[in-house]
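Participant: Below is the structure I would like to discuss, written out as structure tokens.
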Amino acid sequence: MVALRGRQRTSETNRTRSKVAMEEKAQSRPSVRKRAEAIKPFRCKNLIAVLENPSDIKNIGTVIRNVNALGVEKVYVVDPRRSLPDDWQELRERRAISSTSVSAVKWTFVKRFDSTEECFDHLEKKGFVSIVTSPHVKGKTSLFLHEGDYTAHTKLAVWFGSEATGISDLAVARSAMCVSVPMFGMIESLNLGTSSGIVLYEITKQRREYQSKFKRRHRRGERTNPLPTVLAPDV
């Protein structure tokens, strides 16, 4: 029985790899290069979405899709259970992630960490400032999403907590501030896919507007002619 299950898993992996290869082959290289060049000026450099201990692997794929669609540069995943592989090539072949991300994982940089502390150490070493999505926390700078200025820091990491337990106390302690989405219903929570889409939309919109007007940080290098902030649809 064990041997049979092993063969079934191997067969499933091979089918997934074959499907990914066929999808890539189906896309003409010139059209992929054309799209890559078109979106390049609209990508938000030095912006990372961090998922802290997500409890449902399928939600990771949904966030990766949001990240790719909105022009966020990278995804970091704090994964103490080691449910994700370290190898990106293996990760993009995971059916649960590839299907929910609509293959966005093929075009998105994803890195996993064993712990929250390890991820913060890496980010801070690279000069990133972190903010966490969390309800207002006593003693911490806390803002509603629309109140924040997300261009103040050149390198920014946005943390999203577990669907089950939310953001950790350690992440809150090591972040610069807490950001929350205003709620007006009987239910005062959003799932990970929805909250990441809302939060990252506001942040990328602000950062694209900044990149449109300025070449350097601290509002220096003002452009004579602002760059477009919206990519015109193909017609």
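Each chain of the structure tokens is named A, B, ... in the order shown, its residues numbered from 1; ligands are numbered from 1 in display order.
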Can I get the residues of segment 23-76 of chain A within 12 Å of segment 142-152 of chain A, each with the closest pair of atoms and their distance in Å to one decimal, using only C-alpha atoms, sorted chain first then ascending number, as a tab-separated table?
Facilitator:
residue	atom	partner	partner_atom	distance
A:Cys44	CA	A:Thr151	CA	10.7
A:Lys45	CA	A:Thr151	CA	11.4
A:Asn46	CA	A:Thr151	CA	10.9
A:Leu47	CA	A:Tyr150	CA	10.0
Participant: Go through segment 27-139 of chain A residue by residue and, counting only C-alpha atoms, keep those with an atom at most 12 Å from segment 215-229 of chain A; for each kept residue give the shortest atom pair and its distance in Å to one decimal, ordered by chain and increasing number, as a Markdown table.
Facilitator:
| residue | atom | partner | partner_atom | distance |
| --- | --- | --- | --- | --- |
| A:Ala38 | CA | A:Pro228 | CA | 11.7 |
| A:Ile39 | CA | A:Thr229 | CA | 10.7 |
| A:Lys40 | CA | A:Thr229 | CA | 11.9 |
| A:Pro41 | CA | A:Leu227 | CA | 8.7 |
| A:Phe42 | CA | A:Thr229 | CA | 6.9 |
| A:Arg43 | CA | A:Thr229 | CA | 10.2 |
| A:Cys44 | CA | A:Thr229 | CA | 11.1 |
| A:Asn46 | CA | A:Arg217 | CA | 11.8 |
| A:Leu70 | CA | A:Thr229 | CA | 11.9 |
| A:Gly71 | CA | A:Thr229 | CA | 11.6 |
Participant: Extract, using only C-alpha atoms, all DNA, RNA and protein residues at most 10 Å from segment 163-171 of chain A, discarding same-chain residues fewer than 5 positions from it, and format them as a ChimeraX atom specification.
Facilitator: /A:51-56,59,116-117,119-120,130-135,176,189-193
Participant: Now that the selection is made, can you save its residues with N, CA and C atoms as a short mmCIF file (atom, residue, chain, number, x, y, z; two decimals), in the first residue's frame?
Facilitator:
data_model
loop_
_atom_site.label_atom_id
_atom_site.label_comp_id
_atom_site.auth_asym_id
_atom_site.auth_seq_id
_atom_site.Cartn_x
_atom_site.Cartn_y
_atom_site.Cartn_z
N LEU A 51 4.15 36.60 4.60
CA LEU A 51 3.08 35.79 5.19
C LEU A 51 3.67 35.05 6.39
N GLU A 52 3.11 35.32 7.57
CA GLU A 52 3.62 34.70 8.78
C GLU A 52 2.79 33.48 9.15
N ASN A 53 3.38 32.33 8.99
CA ASN A 53 2.79 31.07 9.39
C ASN A 53 1.37 30.86 8.85
N PRO A 54 1.17 30.95 7.54
CA PRO A 54 -0.17 30.73 6.98
C PRO A 54 -0.61 29.29 7.23
N SER A 55 -1.87 29.13 7.64
CA SER A 55 -2.34 27.79 8.02
C SER A 55 -2.89 27.00 6.84
N ASP A 56 -3.24 27.66 5.75
CA ASP A 56 -3.79 26.97 4.58
C ASP A 56 -2.89 27.24 3.38
N ASN A 59 -4.06 29.36 0.44
CA ASN A 59 -4.10 30.82 0.58
C ASN A 59 -2.79 31.46 0.15
N THR A 116 9.87 33.64 12.43
CA THR A 116 9.64 35.09 12.34
C THR A 116 10.92 35.85 12.62
N GLU A 117 11.66 35.41 13.62
CA GLU A 117 12.91 36.07 13.98
C GLU A 117 13.91 36.02 12.83
N CYS A 119 13.29 35.79 9.65
CA CYS A 119 12.83 36.66 8.57
C CYS A 119 13.11 38.13 8.88
N PHE A 120 12.81 38.54 10.12
CA PHE A 120 13.10 39.93 10.52
C PHE A 120 14.59 40.23 10.45
N SER A 130 9.49 47.22 8.46
CA SER A 130 8.31 46.37 8.42
C SER A 130 7.09 47.07 9.02
N ILE A 131 5.93 46.81 8.42
CA ILE A 131 4.65 47.18 9.02
C ILE A 131 3.80 45.91 9.04
N VAL A 132 2.89 45.83 10.01
CA VAL A 132 2.05 44.65 10.13
C VAL A 132 0.59 45.02 9.95
N THR A 133 -0.16 44.13 9.35
CA THR A 133 -1.60 44.32 9.24
C THR A 133 -2.23 43.70 10.48
N SER A 134 -2.78 44.57 11.32
CA SER A 134 -3.32 44.11 12.60
C SER A 134 -4.24 45.19 13.15
N PRO A 135 -5.25 44.80 13.92
CA PRO A 135 -6.06 45.82 14.62
C PRO A 135 -5.17 46.69 15.49
N ALA A 176 7.34 48.77 12.55
CA ALA A 176 7.28 50.22 12.77
C ALA A 176 5.88 50.67 13.14
N SER A 189 -13.51 40.70 10.26
CA SER A 189 -12.27 40.09 9.77
C SER A 189 -12.42 39.78 8.30
N LEU A 190 -11.29 39.69 7.62
CA LEU A 190 -11.24 39.33 6.20
C LEU A 190 -10.31 38.14 6.04
N ASN A 191 -10.56 37.32 5.02
CA ASN A 191 -9.62 36.22 4.80
C ASN A 191 -8.31 36.75 4.22
N LEU A 192 -7.30 35.93 4.21
CA LEU A 192 -5.96 36.35 3.83
C LEU A 192 -5.90 36.87 2.40
N GLY A 193 -6.58 36.18 1.48
CA GLY A 193 -6.56 36.61 0.09
C GLY A 193 -7.18 37.98 -0.09
#
Participant: Which of these residues is nearest to Ile203 of chain A, using only C-alpha atoms: A:Val77, A:Ser98, A:Leu156, A:Gly139?
Facilitator: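 Residue with the minimum atom-to-atom distance to Ile203 of chain A: A:Leu156.
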Participant: Between A:Gln211, A:Asn68, A:Thr154, A:Thr108, which one has atoms that come closest to Lys126 of chain A, using only C-alpha atoms?
Facilitator: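 Counting only C-alpha atoms, the residue closest to Lys126 of chain A is A:Thr154.
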Participant: DSSP on the backbone, then: every residue of segment 145-181 of chain A marked alpha helix (DSSP H), written as a PyMOL selection string.
Facilitator: chain A and resi 169-173
Participant: Find the distance between atom CA of Ser196 of chain A and atom CA of Val63 of chain A and write it in Å to one decimal.
Facilitator: 6.5 Å
Participant: Would you please extract all strand (DSSP E) residues from segment 2-235 of chain A, as assigned by DSSP on the backbone, and give them as a VMD selection string?
Facilitator: chain A and resid 44 to 52 72 to 78 109 to 113 129 to 133 142 to 144 156 to 160 177 to 180 214 to 216 220 to 222
Participant: Out of A:Val158, A:Val137, A:Leu123, A:Ile60, which residue has the shortest atom-to-atom distance to Ala173 of chain A when counting only C-alpha atoms?
Facilitator: A:Val137
Participant: Have a look at A:Ser195, A:Ser103, A:Ser115, A:Thr141 and name the one nearest to Arg81 of chain A; count only C-alpha atoms.
Facilitator: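 Under the stated criterion, the closest residue is A:Ser115.
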Participant: Between A:Ala104, A:Met186, A:Lys125, A:Asn66, which is the closest to Ile198 of chain A once you count only C-alpha atoms?
Facilitator: A:Asn66
Participant: For Asp114 of chain A, please output as a PDB file with N, CA, C and O atoms, in the first residue's frame all residues within 6 Å (counting only C-alpha atoms; exclusion window: fewer than 5 positions along the same chain).
Facilitator:
ATOM      1  N   VAL A  78       6.984  32.879   6.251  1.00  0.00           N
ATOM      2  CA  VAL A  78       7.487  32.290   7.483  1.00  0.00           C
ATOM      3  C   VAL A  78       6.749  30.973   7.663  1.00  0.00           C
ATOM      4  O   VAL A  78       5.540  30.946   7.872  1.00  0.00           O
ATOM      5  N   ASP A  79       7.490  29.876   7.577  1.00  0.00           N
ATOM      6  CA  ASP A  79       6.887  28.542   7.461  1.00  0.00           C
ATOM      7  C   ASP A  79       7.575  27.568   8.425  1.00  0.00           C
ATOM      8  O   ASP A  79       8.367  26.731   8.004  1.00  0.00           O
ATOM      9  N   PRO A  80       7.288  27.690   9.728  1.00  0.00           N
ATOM     10  CA  PRO A  80       7.979  26.825  10.700  1.00  0.00           C
ATOM     11  C   PRO A  80       7.649  25.347  10.540  1.00  0.00           C
ATOM     12  O   PRO A  80       8.426  24.495  10.964  1.00  0.00           O
TER      13      PRO A  80
END
